[in-house]
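**Student:** data-v9.pdb is reproduced in full below (PDB, C-alpha atoms and all ligand atoms).
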ATOM      1  CA  MET S  12      23.979  93.499 180.910
ATOM      2  CA  THR S  13      21.383  96.071 179.887
ATOM      3  CA  PRO S  14      22.782  99.583 180.349
ATOM      4  CA  PHE S  15      21.269 101.980 182.846
ATOM      5  CA  VAL S  16      18.914 104.626 181.483
ATOM      6  CA  LEU S  17      18.886 108.239 182.704
ATOM      7  CA  LEU S  18      16.109 110.648 181.716
ATOM      8  CA  ALA S  19      16.282 114.414 182.302
ATOM      9  CA  VAL S  20      13.170 116.563 181.839
ATOM     10  CA  PHE S  21      13.428 120.349 181.532
ATOM     11  CA  ALA S  22      11.577 123.303 179.994
ATOM     12  CA  HIS S  23      13.955 125.212 177.734
ATOM     13  CA  PRO S  24      17.113 124.665 175.702
ATOM     14  CA  ASP S  25      19.985 125.519 178.097
ATOM     15  CA  ASP S  26      18.091 124.421 181.253
ATOM     16  CA  GLU S  27      20.158 121.236 181.127
ATOM     17  CA  ALA S  28      23.485 122.964 180.631
ATOM     18  CA  PHE S  29      24.492 124.687 183.845
ATOM     19  CA  GLY S  30      23.307 122.236 186.496
ATOM     20  CA  THR S  31      23.364 118.879 184.731
ATOM     21  CA  GLY S  32      25.637 119.160 181.684
ATOM     22  CA  GLY S  33      28.472 117.381 183.482
ATOM     23  CA  THR S  34      26.157 114.739 184.938
ATOM     24  CA  LEU S  35      24.694 113.924 181.527
ATOM     25  CA  ALA S  36      28.213 113.695 180.061
ATOM     26  CA  ARG S  37      29.472 111.545 182.956
ATOM     27  CA  TYR S  38      26.766 108.912 182.630
ATOM     28  CA  ALA S  39      26.983 108.863 178.839
ATOM     29  CA  ALA S  40      30.730 108.243 179.180
ATOM     30  CA  GLU S  41      29.935 105.351 181.549
ATOM     31  CA  GLY S  42      27.817 103.710 178.885
ATOM     32  CA  CYS S  43      24.384 104.703 180.203
ATOM     33  CA  GLU S  44      21.626 105.545 177.758
ATOM     34  CA  VAL S  45      21.033 109.228 178.507
ATOM     35  CA  TYR S  46      17.969 111.089 177.229
ATOM     36  CA  LEU S  47      16.892 114.721 177.524
ATOM     37  CA  VAL S  48      13.285 115.881 177.180
ATOM     38  CA  THR S  49      12.791 119.620 176.619
ATOM     39  CA  ALA S  50       9.277 121.055 176.605
ATOM     40  CA  THR S  51       9.863 124.085 174.339
ATOM     41  CA  ARG S  52      12.352 125.511 171.846
ATOM     42  CA  GLY S  53      13.053 128.566 173.999
ATOM     43  CA  GLU S  54      11.728 131.091 171.505
ATOM     44  CA  ALA S  55      10.445 133.557 174.130
ATOM     45  CA  GLY S  56      13.929 134.386 175.410
ATOM     46  CA  GLU S  57      16.051 137.286 174.274
ATOM     47  CA  ILE S  58      18.631 136.834 171.516
ATOM     48  CA  ALA S  59      22.008 137.504 173.135
ATOM     49  CA  ARG S  60      23.809 137.677 169.772
ATOM     50  CA  PRO S  61      21.425 139.287 167.250
ATOM     51  CA  GLY S  62      23.442 138.171 164.228
ATOM     52  CA  LEU S  63      22.728 134.515 164.940
ATOM     53  CA  ALA S  64      18.918 134.444 164.801
ATOM     54  CA  THR S  65      15.744 136.409 164.179
ATOM     55  CA  PRO S  66      12.523 136.120 166.171
ATOM     56  CA  ALA S  67      11.105 134.160 163.219
ATOM     57  CA  ASN S  68      13.774 131.472 163.071
ATOM     58  CA  LEU S  69      14.636 131.383 166.773
ATOM     59  CA  PRO S  70      12.813 128.094 167.505
ATOM     60  CA  ALA S  71      14.742 126.337 164.723
ATOM     61  CA  VAL S  72      18.054 127.907 165.758
ATOM     62  CA  ARG S  73      17.592 126.971 169.420
ATOM     63  CA  GLU S  74      16.629 123.429 168.464
ATOM     64  CA  GLN S  75      19.933 123.123 166.600
ATOM     65  CA  GLU S  76      21.769 124.632 169.564
ATOM     66  CA  LEU S  77      20.305 121.993 171.882
ATOM     67  CA  ARG S  78      21.202 119.258 169.402
ATOM     68  CA  CYS S  79      24.764 120.638 169.426
ATOM     69  CA  ALA S  80      24.812 120.540 173.240
ATOM     70  CA  CYS S  81      23.582 116.934 173.338
ATOM     71  CA  ARG S  82      26.332 115.915 170.916
ATOM     72  CA  ASN S  83      28.854 117.534 173.268
ATOM     73  CA  TYR S  84      27.483 115.682 176.281
ATOM     74  CA  GLY S  85      27.539 112.469 174.242
ATOM     75  CA  ILE S  86      23.839 111.765 174.836
ATOM     76  CA  HIS S  87      20.900 110.966 172.571
ATOM     77  CA  PRO S  88      19.390 113.834 170.517
ATOM     78  CA  PRO S  89      16.837 115.894 172.477
ATOM     79  CA  ILE S  90      13.171 114.916 172.603
ATOM     80  CA  PHE S  91      10.894 117.965 172.274
ATOM     81  CA  LEU S  92       7.382 118.110 173.717
ATOM     82  CA  ASP S  93       6.666 120.848 171.103
ATOM     83  CA  TYR S  94       5.112 123.410 173.412
ATOM     84  CA  VAL S  95       5.321 127.201 173.076
ATOM     85  CA  ASP S  96       7.888 128.864 175.315
ATOM     86  CA  GLY S  97       6.304 130.834 178.154
ATOM     87  CA  GLN S  98       2.937 129.115 177.950
ATOM     88  CA  LEU S  99       3.447 125.832 179.794
ATOM     89  CA  PRO S 100       1.056 126.654 182.669
ATOM     90  CA  ILE S 101      -1.824 127.064 180.197
ATOM     91  CA  VAL S 102      -1.308 124.073 177.901
ATOM     92  CA  HIS S 103      -3.491 120.988 178.373
ATOM     93  CA  GLN S 104      -1.894 119.537 181.503
ATOM     94  CA  GLY S 105      -3.225 116.026 180.929
ATOM     95  CA  GLN S 106      -1.827 115.976 177.422
ATOM     96  CA  ALA S 107       1.592 117.122 178.652
ATOM     97  CA  VAL S 108       1.682 114.543 181.468
ATOM     98  CA  GLY S 109       0.491 111.878 179.026
ATOM     99  CA  LYS S 110       3.388 112.662 176.694
ATOM    100  CA  LEU S 111       5.832 112.208 179.567
ATOM    101  CA  VAL S 112       4.170 108.975 180.746
ATOM    102  CA  ARG S 113       4.557 107.576 177.239
ATOM    103  CA  ILE S 114       8.228 108.593 177.108
ATOM    104  CA  ILE S 115       8.919 107.062 180.544
ATOM    105  CA  ARG S 116       7.240 103.790 179.574
ATOM    106  CA  GLU S 117       9.132 103.624 176.296
ATOM    107  CA  LEU S 118      12.611 104.544 177.583
ATOM    108  CA  ARG S 119      12.205 102.843 181.010
ATOM    109  CA  PRO S 120      14.758 104.902 182.976
ATOM    110  CA  GLN S 121      15.923 103.868 186.441
ATOM    111  CA  VAL S 122      16.701 107.503 187.285
ATOM    112  CA  MET S 123      14.919 110.744 186.369
ATOM    113  CA  ILE S 124      16.011 114.347 186.895
ATOM    114  CA  THR S 125      13.753 117.391 186.762
ATOM    115  CA  PHE S 126      13.208 120.770 188.449
ATOM    116  CA  GLY S 127      12.370 121.050 192.141
ATOM    117  CA  PRO S 128       9.209 122.823 193.275
ATOM    118  CA  GLU S 129      11.112 126.151 193.336
ATOM    119  CA  GLY S 130      12.053 125.864 189.640
ATOM    120  CA  ILE S 131      15.573 127.255 190.335
ATOM    121  CA  TYR S 132      14.189 130.825 190.347
ATOM    122  CA  GLY S 133      10.452 130.337 190.042
ATOM    123  CA  HIS S 134      10.100 130.492 186.244
ATOM    124  CA  TYR S 135       6.494 129.474 185.609
ATOM    125  CA  ASP S 136       7.536 127.079 182.815
ATOM    126  CA  HIS S 137       9.948 125.375 185.227
ATOM    127  CA  LEU S 138       7.182 125.045 187.825
ATOM    128  CA  ALA S 139       4.878 123.483 185.227
ATOM    129  CA  VAL S 140       7.535 120.959 184.165
ATOM    130  CA  HIS S 141       8.173 120.083 187.820
ATOM    131  CA  ARG S 142       4.483 119.297 188.269
ATOM    132  CA  TRP S 143       4.245 117.344 184.998
ATOM    133  CA  ALA S 144       7.335 115.247 185.729
ATOM    134  CA  THR S 145       6.198 114.572 189.294
ATOM    135  CA  ALA S 146       2.780 113.408 188.092
ATOM    136  CA  ALA S 147       4.194 111.433 185.161
ATOM    137  CA  HIS S 148       6.672 109.648 187.439
ATOM    138  CA  GLU S 149       3.787 108.425 189.598
ATOM    139  CA  LEU S 150       1.322 107.654 186.806
ATOM    140  CA  ALA S 151       3.819 105.829 184.575
ATOM    141  CA  ALA S 152       3.910 103.071 187.189
ATOM    142  CA  ASP S 153       0.121 102.807 187.447
ATOM    143  CA  PRO S 154      -1.399 100.288 184.982
ATOM    144  CA  ASP S 155      -4.795 101.993 185.302
ATOM    145  CA  CYS S 156      -3.443 105.315 184.064
ATOM    146  CA  PHE S 157      -3.095 106.007 180.349
ATOM    147  CA  PRO S 158      -3.966 102.403 179.392
ATOM    148  CA  ASP S 159      -4.236 103.589 175.750
ATOM    149  CA  CYS S 160      -0.447 103.899 175.847
ATOM    150  CA  ALA S 161      -0.238 100.215 174.790
ATOM    151  CA  PRO S 162       1.973  98.439 173.957
ATOM    152  CA  CYS S 163       4.181 100.225 176.462
ATOM    153  CA  GLN S 164       3.959  98.615 179.881
ATOM    154  CA  PRO S 165       3.814 100.481 183.219
ATOM    155  CA  HIS S 166       7.228 101.397 184.536
ATOM    156  CA  LEU S 167       8.441 102.516 187.970
ATOM    157  CA  VAL S 168      11.389 104.917 187.859
ATOM    158  CA  SER S 169      13.451 103.904 190.899
ATOM    159  CA  LYS S 170      14.816 107.343 191.774
ATOM    160  CA  LEU S 171      13.532 110.842 191.033
ATOM    161  CA  TYR S 172      15.942 113.707 191.582
ATOM    162  CA  HIS S 173      15.465 117.451 191.552
ATOM    163  CA  ARG S 174      18.293 119.461 190.066
ATOM    164  CA  VAL S 175      18.791 122.135 192.734
ATOM    165  CA  LEU S 176      21.241 124.876 193.712
ATOM    166  CA  HIS S 177      23.257 124.639 196.926
ATOM    167  CA  GLU S 178      22.833 127.801 199.000
ATOM    168  CA  ASP S 179      26.621 128.166 199.172
ATOM    169  CA  SER S 180      26.717 128.405 195.378
ATOM    170  CA  LEU S 181      24.468 131.477 195.583
ATOM    171  CA  GLN S 182      26.877 133.104 198.010
ATOM    172  CA  ALA S 183      29.733 132.300 195.634
ATOM    173  CA  ARG S 184      27.760 133.859 192.794
ATOM    174  CA  SER S 185      27.196 137.116 194.630
ATOM    175  CA  ASP S 186      30.819 137.165 195.863
ATOM    176  CA  SER S 187      31.993 137.001 192.249
ATOM    177  CA  GLY S 188      29.625 139.750 191.123
ATOM    178  CA  GLN S 189      27.201 137.524 189.219
ATOM    179  CA  ARG S 190      23.517 138.293 189.199
ATOM    180  CA  ALA S 191      21.480 136.854 192.065
ATOM    181  CA  ALA S 192      18.158 136.906 190.219
ATOM    182  CA  VAL S 193      16.625 136.492 186.776
ATOM    183  CA  LEU S 194      14.519 139.286 185.309
ATOM    184  CA  MET S 195      11.107 138.139 184.106
ATOM    185  CA  ASP S 196       8.773 140.788 182.743
ATOM    186  CA  GLY S 197      10.979 143.366 184.430
ATOM    187  CA  VAL S 198      10.718 141.709 187.847
ATOM    188  CA  PRO S 199      13.780 140.117 189.503
ATOM    189  CA  PHE S 200      13.148 136.521 190.587
ATOM    190  CA  PRO S 201      15.976 135.438 192.939
ATOM    191  CA  PHE S 202      17.680 132.079 192.623
ATOM    192  CA  VAL S 203      16.637 129.679 195.399
ATOM    193  CA  GLY S 204      19.331 127.735 197.255
ATOM    194  CA  TYR S 205      18.989 124.518 199.263
ATOM    195  CA  PRO S 206      20.847 123.927 202.551
ATOM    196  CA  SER S 207      23.317 121.021 202.751
ATOM    197  CA  SER S 208      20.760 118.956 204.689
ATOM    198  CA  GLN S 209      18.498 118.968 201.616
ATOM    199  CA  ILE S 210      21.249 118.117 199.110
ATOM    200  CA  SER S 211      21.102 114.327 198.647
ATOM    201  CA  ALA S 212      23.760 113.968 195.979
ATOM    202  CA  VAL S 213      26.833 115.928 194.945
ATOM    203  CA  LEU S 214      28.437 114.749 191.727
ATOM    204  CA  ASP S 215      32.057 115.640 191.030
ATOM    205  CA  ILE S 216      32.049 116.139 187.271
ATOM    206  CA  SER S 217      35.613 117.514 187.063
ATOM    207  CA  PRO S 218      36.607 115.194 184.170
ATOM    208  CA  PHE S 219      33.697 116.584 182.144
ATOM    209  CA  VAL S 220      33.994 120.342 182.719
ATOM    210  CA  GLU S 221      35.169 121.062 179.166
ATOM    211  CA  GLN S 222      32.302 119.013 177.686
ATOM    212  CA  LYS S 223      29.934 120.933 179.939
ATOM    213  CA  ARG S 224      31.430 124.285 178.896
ATOM    214  CA  GLN S 225      31.171 123.356 175.216
ATOM    215  CA  GLY S 226      27.556 122.344 175.787
ATOM    216  CA  ILE S 227      26.863 125.760 177.304
ATOM    217  CA  LEU S 228      28.586 127.487 174.380
ATOM    218  CA  CYS S 229      26.362 125.580 171.934
ATOM    219  CA  HIS S 230      23.525 127.754 173.259
ATOM    220  CA  ALA S 231      25.100 130.671 171.397
ATOM    221  CA  THR S 232      21.932 132.783 171.113
ATOM    222  CA  GLN S 233      21.610 132.617 174.914
ATOM    223  CA  VAL S 234      25.275 133.041 175.853
ATOM    224  CA  GLY S 235      26.675 136.444 174.913
ATOM    225  CA  GLU S 236      30.060 136.884 173.256
ATOM    226  CA  ALA S 237      31.322 138.584 176.416
ATOM    227  CA  SER S 238      30.322 135.565 178.515
ATOM    228  CA  ARG S 239      32.903 134.226 180.939
ATOM    229  CA  TYR S 240      32.056 130.742 179.638
ATOM    230  CA  ALA S 241      33.503 131.809 176.296
ATOM    231  CA  ASN S 242      36.391 133.909 177.519
ATOM    232  CA  ALA S 243      37.552 132.678 180.906
ATOM    233  CA  PRO S 244      37.620 128.868 180.996
ATOM    234  CA  GLU S 245      40.290 128.814 183.747
ATOM    235  CA  GLU S 246      38.081 130.949 185.952
ATOM    236  CA  ILE S 247      35.104 128.685 185.180
ATOM    237  CA  PHE S 248      37.001 125.487 185.924
ATOM    238  CA  ALA S 249      38.272 126.882 189.235
ATOM    239  CA  ASP S 250      34.686 127.428 190.376
ATOM    240  CA  HIS S 251      33.769 124.568 192.730
ATOM    241  CA  TRP S 252      30.091 124.910 191.802
ATOM    242  CA  PHE S 253      30.846 124.463 188.097
ATOM    243  CA  SER S 254      32.579 121.117 188.687
ATOM    244  CA  HIS S 255      30.090 119.867 191.281
ATOM    245  CA  GLU S 256      26.409 119.347 190.431
ATOM    246  CA  THR S 257      23.850 119.075 193.220
ATOM    247  CA  PHE S 258      20.599 117.138 193.486
ATOM    248  CA  HIS S 259      17.756 116.537 195.934
ATOM    249  CA  LEU S 260      16.350 112.994 196.023
ATOM    250  CA  ALA S 261      12.558 113.386 195.929
ATOM    251  CA  TYR S 262      11.542 109.737 195.501
ATOM    252  CA  SER S 263      13.318 106.423 195.947
ATOM    253  CA  SER S 264      12.062 102.854 195.737
ATOM    254  CA  VAL S 265      15.491 101.546 196.768
ATOM    255  CA  GLY S 266      15.956 103.206 200.159
ATOM    256  CA  TRP S 267      17.436 106.516 201.214
ATOM    257  CA  PRO S 268      21.073 107.521 201.565
ATOM    258  CA  VAL S 269      22.522 107.994 205.042
ATOM    259  CA  GLY S 270      24.960 110.679 203.937
ATOM    260  CA  GLN S 271      25.361 112.459 200.622
ATOM    261  CA  GLU S 272      25.529 110.285 197.539
ATOM    262  CA  ASP S 273      28.120 110.811 194.810
ATOM    263  CA  ASP S 274      26.277 108.721 192.229
ATOM    264  CA  LEU S 275      22.662 108.988 191.046
ATOM    265  CA  PHE S 276      22.620 105.202 190.472
ATOM    266  CA  ALA S 277      23.717 104.431 194.057
ATOM    267  CA  ARG S 278      21.791 101.400 195.419
ATOM    268  CA  LEU S 279      20.913 100.384 191.843
ATOM    269  CA  ARG S 280      24.291  98.954 190.848
TER
HETATM  270 ZN    ZN H 301      14.419 127.494 181.648
END
Go through the file and emit its structure as structure tokens.

**Tutor:**
Amino acid sequence: MTPFVLLAVFAHPDDEAFGTGGTLARYAAEGCEVYLVTATRGEAGEIARPGLATPANLPAVREQELRCACRNYGIHPPIFLDYVDGQLPIVHQGQAVGKLVRIIRELRPQVMITFGPEGIYGHYDHLAVHRWATAAHELAADPDCFPDCAPCQPHLVSKLYHRVLHEDSLQARSDSGQRAAVLMDGVPFPFVGYPSSQISAVLDISPFVEQKRQGILCHATQVGEASRYANAPEEIFADHWFSHETFHLAYSSVGWPVGQEDDLFARLR
């Protein structure tokens, strides 16, 4: 039987780590073909450990860090769209969507994961990737769109999920003293949580928490030495929201769940 194919589409190295690292590892362990598309090499972010990179070599270093993470999850090497970090809203949108359509038609996933319309905390690159992936999901199935993509045939991805935060996880964050917002250009952008009614799938990734943690630690220039991911694994593993990853089902061609799903390939097996 042909294995299932899962495709995740994000903006920066490390976007995959915190909310989907366990999911990627789980489906790879099941024998699925798991692919990760990342739009940039994350070179606009700060260097958490200055000894590990310079502004000049940061794109190359962060590419290697993402490759390291993918090896830990057990998935295929990352596919880069080769865009400049921080500039996704101003790149040629048709070109970006066309790249994703081509990838979808070549890899032919049954399930896709990307950002929701809130982009976790409203990062403008995340919002751009959400729009691209949404458009590419629709257009990849349309034979009249991007016909120059031949020989790849149109492909309908059966289920499109948004990787989202449960609102209870935000409460848990603030209760444990973690930051509730991300600073962009000096302005705090708060994380956005979804209520239970909007969470379509909760995946228990407990068997994969160490793989997920190691994937996070691969992003060494983004994770400081004082990080709790490096120093307090017991505390991390005890956190319900580290071992449970949450998704909103945005599109389905195979019906809609009555309750919460525990498997992104539910109704496809
Ligand atoms: Zn990001």

**Student:** Counting all atoms listed in the file, what are the residues, protein, DNA or RNA alike, that approach ligand ZN 301 (chain H) to within 8 Å? I want them as a list in words.

**Tutor:** Phe21, Ala22, His23, Pro24, Asp25, Asp26, Gly53, His134, Asp136 and His137 of chain S

**Student:** Distance atom CA of Pro14 of chain S-atom CA of Cys43 of chain S, one decimal place?

**Tutor:**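 These two atoms are separated by 5.4 Å.
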
**Student:** Tell me which of S:Val175, S:Leu138, S:Cys81, S:Ala151 sits closest to Val108 of chain S, counting all atoms listed in the file.

**Tutor:**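 Between S:Val175, S:Leu138, S:Cys81, S:Ala151, the residue approaching Val108 of chain S most closely is S:Ala151.
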
**Student:** Pick the closest to Ala146 of chain S from S:Cys163, S:Ala241, S:Tyr84, S:Ile115: which is it, counting all atoms listed in the file?

**Tutor:**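 Between S:Cys163, S:Ala241, S:Tyr84, S:Ile115, the residue approaching Ala146 of chain S most closely is S:Ile115.
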
**Student:** Would you please work out which residue, of S:Thr65, S:Gln182, S:Ser238, S:Ser169, is nearest to Arg280 of chain S when using only C-alpha atoms?

**Tutor:** S:Ser169

**Student:** Can you measure atom CA of His251 of chain S to atom CA of Ala192 of chain S for me? One decimal in Å is fine.

**Tutor:** 20.1 Å

**Student:** Residues near Ala64 of chain S, anyone? I mean within 12 Å using only C-alpha atoms, not counting same-chain ones fewer than 5 positions away, as a PDB file with C-alpha atoms, in the coordinates of the input.

**Tutor:**
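Here's the written file around.pdb:
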ATOM      1  CA  GLU S  54      11.728 131.091 171.505  1.00  0.00           C
ATOM      2  CA  GLY S  56      13.929 134.386 175.410  1.00  0.00           C
ATOM      3  CA  GLU S  57      16.051 137.286 174.274  1.00  0.00           C
ATOM      4  CA  ILE S  58      18.631 136.834 171.516  1.00  0.00           C
ATOM      5  CA  ALA S  59      22.008 137.504 173.135  1.00  0.00           C
ATOM      6  CA  LEU S  69      14.636 131.383 166.773  1.00  0.00           C
ATOM      7  CA  PRO S  70      12.813 128.094 167.505  1.00  0.00           C
ATOM      8  CA  ALA S  71      14.742 126.337 164.723  1.00  0.00           C
ATOM      9  CA  VAL S  72      18.054 127.907 165.758  1.00  0.00           C
ATOM     10  CA  ARG S  73      17.592 126.971 169.420  1.00  0.00           C
ATOM     11  CA  GLU S  74      16.629 123.429 168.464  1.00  0.00           C
ATOM     12  CA  GLN S  75      19.933 123.123 166.600  1.00  0.00           C
ATOM     13  CA  GLU S  76      21.769 124.632 169.564  1.00  0.00           C
ATOM     14  CA  HIS S 230      23.525 127.754 173.259  1.00  0.00           C
ATOM     15  CA  ALA S 231      25.100 130.671 171.397  1.00  0.00           C
ATOM     16  CA  THR S 232      21.932 132.783 171.113  1.00  0.00           C
ATOM     17  CA  GLN S 233      21.610 132.617 174.914  1.00  0.00           C
TER      18      GLN S 233
END

**Student:** Distance atom CA of Val45 of chain S-atom CA of Phe157 of chain S, one decimal place?

**Tutor:** 24.4 Å

**Student:** Find the axis-aligned box for segment 127-145 of chain S, covering all its listed atoms and adding 8 Å on each side, and write its centre and edge lengths in Å to one decimal as lines of an AutoDock Vina configuration file.

**Tutor:**
center_x = 9.9
center_y = 122.7
center_z = 188.1
size_x = 27.3
size_y = 32.3
size_z = 26.5

**Student:** S:Val168, S:Ile227, S:Leu63, S:Ile247: which is nearest Arg184 of chain S, counting only C-alpha atoms?

**Tutor:**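 Counting only C-alpha atoms, the residue closest to Arg184 of chain S is S:Ile247.
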
**Student:** Pick from S:Val220, S:Ala50, S:Val213, S:Leu118: nearest to Tyr94 of chain S, with only C-alpha atoms counted?

**Tutor:**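 Among the listed residues, the smallest separation from Tyr94 of chain S belongs to S:Ala50.
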
**Student:** Which residue out of S:Gly270, S:Gly62, S:Gly130, S:Pro158 has the minimum interatomic distance to Ala212 of chain S when only C-alpha atoms are used?

**Tutor:** S:Gly270

**Student:** Would you be able to write out as a list of chain:residue names which residues have an atom within 10 Å of (29.3, 130.4, 177.7) in the file's coordinates, counting all atoms listed in the file?

**Tutor:**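 The answer, in the requested form, is S:Ala28, S:Phe29, S:Lys223, S:Arg224, S:Gln225, S:Gly226, S:Ile227, S:Leu228, S:Cys229, S:His230, S:Ala231, S:Gln233, S:Val234, S:Gly235, S:Glu236, S:Ala237, S:Ser238, S:Arg239, S:Tyr240, S:Ala241, S:Asn242, S:Ala243, S:Pro244, S:Ile247.
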
**Student:** Got a sec to resolve the PyMOL selection byres (((chain S and resi 266) around 12) and not hetatm) on this structure and send the residues as an NGL selection string?

**Tutor:** :S and (169-170 or 260-265 or 267-269 or 276-279)

**Student:** List the residues matched by the PyMOL selection byres (((chain S and resi 208) around 10) and not hetatm) in the displayed structure as a list in words, ordered by chain and then by residue number.

**Tutor:**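 With the PyMOL selection byres (((chain S and resi 208) around 10) and not hetatm) on this model, the match is His177, Tyr205, Pro206, Ser207, Gln209, Ile210, Ser211, His259, Gly270 and Gln271 of chain S.
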
**Student:** Taking the file above as input, evaluate the PyMOL selection byres (((chain S and resi 104) around 12) and not hetatm) and report the hits as an mmCIF file with C-alpha atoms, in the frame of the given file.

**Tutor:**
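Output file result-v7.cif is given in full below:
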data_model
loop_
_atom_site.group_PDB
_atom_site.id
_atom_site.type_symbol
_atom_site.label_atom_id
_atom_site.label_comp_id
_atom_site.auth_asym_id
_atom_site.auth_seq_id
_atom_site.Cartn_x
_atom_site.Cartn_y
_atom_site.Cartn_z
ATOM 1 C CA TYR S 94 5.112 123.410 173.412
ATOM 2 C CA GLN S 98 2.937 129.115 177.950
ATOM 3 C CA LEU S 99 3.447 125.832 179.794
ATOM 4 C CA PRO S 100 1.056 126.654 182.669
ATOM 5 C CA ILE S 101 -1.824 127.064 180.197
ATOM 6 C CA VAL S 102 -1.308 124.073 177.901
ATOM 7 C CA HIS S 103 -3.491 120.988 178.373
ATOM 8 C CA GLY S 105 -3.225 116.026 180.929
ATOM 9 C CA GLN S 106 -1.827 115.976 177.422
ATOM 10 C CA ALA S 107 1.592 117.122 178.652
ATOM 11 C CA VAL S 108 1.682 114.543 181.468
ATOM 12 C CA GLY S 109 0.491 111.878 179.026
ATOM 13 C CA LYS S 110 3.388 112.662 176.694
ATOM 14 C CA LEU S 111 5.832 112.208 179.567
ATOM 15 C CA ALA S 139 4.878 123.483 185.227
ATOM 16 C CA VAL S 140 7.535 120.959 184.165
ATOM 17 C CA HIS S 141 8.173 120.083 187.820
ATOM 18 C CA ARG S 142 4.483 119.297 188.269
ATOM 19 C CA TRP S 143 4.245 117.344 184.998
ATOM 20 C CA ALA S 144 7.335 115.247 185.729
ATOM 21 C CA ALA S 146 2.780 113.408 188.092
ATOM 22 C CA ALA S 147 4.194 111.433 185.161
#

**Student:** Mind checking which residues fall within 8 Å of Phe202 of chain S, counting all atoms listed in the file, ignoring those fewer than 6 positions away in the same chain, and posting them as number ranges by chain?

**Tutor:** S: 131-133, 181, 191-193
